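Heads up, structure14.cif below (mmCIF, C-alpha atoms):
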```cif
data_target
#
loop_
_atom_site.label_atom_id
_atom_site.label_comp_id
_atom_site.auth_asym_id
_atom_site.auth_seq_id
_atom_site.Cartn_x
_atom_site.Cartn_y
_atom_site.Cartn_z
CA MET A 243 -4.73 -13.55 -1.17
CA GLY A 244 -5.62 -14.61 -4.71
CA ASP A 245 -7.71 -17.50 -5.93
CA TRP A 246 -6.96 -19.27 -9.21
CA ILE A 247 -8.67 -21.97 -11.25
CA TYR A 248 -6.03 -24.51 -12.36
CA ILE A 249 -7.35 -26.66 -15.22
CA LEU A 250 -6.40 -30.34 -15.46
CA ASP A 251 -7.33 -32.68 -18.32
CA PRO A 252 -6.74 -36.27 -17.15
CA ASN A 253 -6.41 -37.37 -20.80
CA LYS A 254 -3.47 -34.98 -21.41
CA ASP A 255 -1.97 -33.93 -18.09
CA THR A 256 -0.04 -36.08 -15.64
CA VAL A 257 0.99 -35.64 -12.01
CA ASP A 258 3.80 -37.85 -10.75
CA GLY A 259 3.50 -39.85 -13.98
CA GLU A 260 -0.18 -40.67 -13.43
CA PRO A 261 -3.25 -39.27 -15.22
CA SER A 262 -4.31 -36.14 -13.35
CA GLY A 263 -7.83 -37.25 -12.51
CA LYS A 264 -9.56 -36.24 -9.32
CA GLU A 265 -8.83 -39.67 -7.80
CA THR A 266 -5.08 -39.16 -8.26
CA ILE A 267 -5.13 -35.66 -6.79
CA HIS A 268 -7.34 -36.81 -3.90
CA ARG A 269 -4.87 -39.61 -3.08
CA LEU A 270 -1.89 -37.23 -3.31
CA ALA A 271 -3.62 -34.82 -0.91
CA GLN A 272 -3.46 -37.58 1.71
CA GLU A 273 -0.10 -39.18 0.83
CA GLU A 274 2.14 -36.58 -0.87
CA PRO A 275 0.48 -33.16 -0.83
CA GLU A 276 3.49 -31.16 -2.11
CA LEU A 277 3.22 -30.45 -5.85
CA ASP A 278 5.45 -28.85 -8.48
CA LEU A 279 3.07 -27.67 -11.23
CA TRP A 280 3.64 -26.26 -14.71
CA LEU A 281 2.43 -22.92 -16.00
CA SER A 282 2.39 -21.75 -19.62
CA ARG A 283 2.98 -18.16 -18.52
CA ARG A 284 4.12 -16.44 -15.36
CA ASN A 285 1.00 -15.67 -13.37
CA ARG A 286 1.07 -13.14 -10.56
CA MET A 287 0.65 -15.78 -7.89
CA SER A 288 1.93 -15.22 -4.39
CA PRO A 289 2.55 -17.50 -1.44
CA GLY A 290 -0.78 -18.14 0.29
CA ASP A 291 -2.86 -17.91 -2.89
CA ARG A 292 -5.17 -20.85 -3.54
CA LEU A 293 -5.27 -23.08 -6.61
CA TRP A 294 -8.70 -24.63 -7.21
CA PHE A 295 -8.25 -27.74 -9.40
CA PHE A 296 -10.83 -27.90 -12.18
CA PHE A 297 -10.99 -31.35 -13.77
CA SER A 298 -12.24 -31.21 -17.35
CA ARG A 299 -13.18 -34.91 -17.48
CA PRO A 300 -15.17 -37.04 -16.87
CA GLU A 301 -17.27 -34.27 -15.27
CA SER A 302 -16.25 -30.62 -15.44
CA ALA A 303 -15.84 -29.58 -11.81
CA VAL A 304 -13.49 -28.30 -9.10
CA ALA A 305 -12.67 -31.23 -6.81
CA ALA A 306 -9.42 -30.22 -5.03
CA VAL A 307 -7.61 -27.18 -3.64
CA ALA A 308 -3.99 -26.32 -2.86
CA GLU A 309 -2.09 -23.39 -1.40
CA VAL A 310 0.75 -21.74 -3.33
CA ASP A 311 4.06 -22.15 -1.44
CA ALA A 312 6.27 -19.77 -3.43
CA GLU A 313 6.11 -17.36 -6.35
CA PRO A 314 6.21 -18.98 -9.80
CA TYR A 315 9.70 -19.43 -11.21
CA GLU A 316 11.13 -19.82 -14.69
CA ASP A 317 12.06 -23.27 -16.01
CA PRO A 318 14.08 -22.66 -19.20
CA ALA A 319 14.47 -26.42 -19.73
CA ASP A 320 10.76 -26.74 -20.66
CA PRO A 321 9.87 -24.52 -23.64
CA GLU A 322 6.22 -25.69 -23.74
CA PHE A 323 5.58 -24.78 -20.08
CA PRO A 324 8.36 -22.34 -19.17
CA TYR A 325 7.16 -21.59 -15.62
CA ARG A 326 6.51 -23.68 -12.53
CA VAL A 327 4.87 -23.12 -9.18
CA GLU A 328 5.13 -25.10 -5.95
CA ALA A 329 1.91 -25.73 -4.04
CA THR A 330 0.61 -27.97 -1.27
CA LEU A 331 -2.76 -29.71 -1.46
CA LEU A 332 -5.10 -29.02 1.48
CA PRO A 333 -6.22 -32.53 2.55
CA GLU A 334 -9.43 -31.70 4.46
CA ALA A 335 -10.67 -29.15 1.93
CA THR A 336 -9.80 -31.53 -0.93
CA ASP A 337 -11.76 -34.31 0.83
CA ALA A 338 -14.79 -32.02 1.03
CA LEU A 339 -14.53 -30.98 -2.64
CA TYR A 340 -13.90 -34.54 -3.78
CA GLY A 341 -17.17 -35.58 -2.13
CA SER A 342 -19.09 -32.55 -3.38
CA PRO A 343 -17.41 -31.00 -6.45
CA VAL A 344 -18.30 -27.52 -7.71
CA GLY A 345 -19.56 -27.80 -11.29
CA ARG A 346 -18.79 -25.60 -14.25
CA GLU A 347 -22.22 -23.92 -14.11
CA GLU A 348 -21.74 -22.93 -10.44
CA LEU A 349 -18.35 -21.42 -11.33
CA GLY A 350 -19.70 -19.40 -14.25
CA LEU A 351 -16.82 -20.59 -16.44
CA GLY A 352 -16.93 -19.72 -20.11
CA GLN A 353 -13.80 -20.39 -22.12
CA VAL A 354 -11.43 -22.62 -20.18
CA ARG A 355 -7.74 -21.72 -20.07
CA SER A 356 -4.96 -23.47 -18.20
CA VAL A 357 -5.00 -20.99 -15.29
CA GLN A 358 -7.42 -18.14 -14.61
CA LYS A 359 -8.64 -16.03 -11.72
CA VAL A 360 -11.70 -17.24 -9.80
CA LYS A 361 -14.73 -15.06 -10.45
CA PRO A 362 -15.81 -13.24 -7.27
CA GLU A 363 -19.32 -14.71 -7.41
CA ALA A 364 -17.88 -18.26 -7.54
CA LEU A 365 -15.47 -17.83 -4.62
CA SER A 366 -18.14 -18.05 -1.93
CA VAL A 367 -19.42 -21.34 -3.40
CA LEU A 368 -15.89 -22.79 -3.52
CA LEU A 369 -15.07 -21.72 0.04
CA ALA A 370 -18.34 -23.12 1.42
CA ARG A 371 -18.03 -26.44 -0.43
CA ALA A 372 -14.39 -26.81 0.71
CA GLY A 373 -15.24 -25.96 4.31
CA LEU A 374 -12.86 -23.00 4.35
#
```

Kindly present the structure from the file in structure tokens form.
Amino acid sequence: MGDWIYILDPNKDTVDGEPSGKETIHRLAQEEPELDLWLSRRNRMSPGDRLWFFFSRPESAVAAVAEVDAEPYEDPADPEFPYRVEATLLPEATDALYGSPVGREELGLGQVRSVQKVKPEALSVLLARAGL
């Protein structure tokens, strides 16, 4: 199983046509947890991997988590983000993270990219805070 940080900037990224803030993702975890997300490159994700949603604004923190449903696939119709991945938000874990987000310092994040592997030292913090 792999763990990935998935970066969202509510000022630039949208989910279901709404700004991708932690409030939107928290609501979707309860109402419509299935997501179809974009990727700028094909990551080596596998079903069962976790996506930890890092919100860059207003505070830089992980406040939601999803499980990858299928391997990423190519979307030739979108040249800016040519790959997609289907994932399902985990409602209880997302509730826990929403109430107690994991900040950038706790994650040891330096340069932020759209998707990156979770550092081993940060995984235990994420799992504990999410109740997993």

Can you work out which one of A:Val257, A:Ala370, A:Leu250, A:Leu349 has the shortest atom-to-atom distance to Leu277 (chain A), counting all atoms listed in the file?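 Distance minimum relative to Leu277 (chain A) lands on A:Val257.
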
Evaluated on this file, the PyMOL selection byres ((chain A and resi 356-362) around 8) picks out some residues - which ones are they, written as a VMD selection string? chain A and resid 244 to 250 281 to 282 349 to 350 354 to 355 363 to 366

Non-local contacts of region 300-306 of chain A (12 Å; all atoms listed in the file; under 4 positions in same chain excluded) as JSON, numbers by chain: {"A": [246, 247, 248, 249, 250, 251, 252, 253, 262, 263, 264, 265, 266, 267, 268, 269, 270, 271, 272, 275, 292, 293, 294, 295, 296, 330, 331, 332, 333, 334, 335, 336, 337, 338, 339, 340, 341, 342, 343, 344, 345, 346, 347, 348, 349, 350, 351, 352, 354, 360, 364, 365, 367, 368, 369, 371, 372, 373]}

As a check of understanding: the span from CA of Tyr315 (chain A) to CA of Arg284 (chain A) is 7.6 Å

Glu322 (chain A) environment, 12 Å, all atoms listed in the file, sequence neighbours closer than 2 positions dropped, as a ChimeraX atom specification: /A:280-283,316-320,324-326

Six-sided padding of 8 Å per side, axis-aligned box over region 360-367 of chain A, centre and edges in Å, one decimal, as JSON:
```
{"center_x": -15.6, "center_y": -17.3, "center_z": -6.2, "size_x": 23.7, "size_y": 24.1, "size_z": 24.5}
```

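The coordinates place CA of Glu273 (chain A) at 24.6 Å from CA of Ser288 (chain A).
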
Just checking: using all atoms listed in the file, which residue out of A:Pro321, A:Ala308, A:Glu328, A:Gln353 ends up closest to Leu279 (chain A)?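 When distances to Leu279 (chain A) are compared using all atoms listed in the file, the smallest one comes from A:Glu328.
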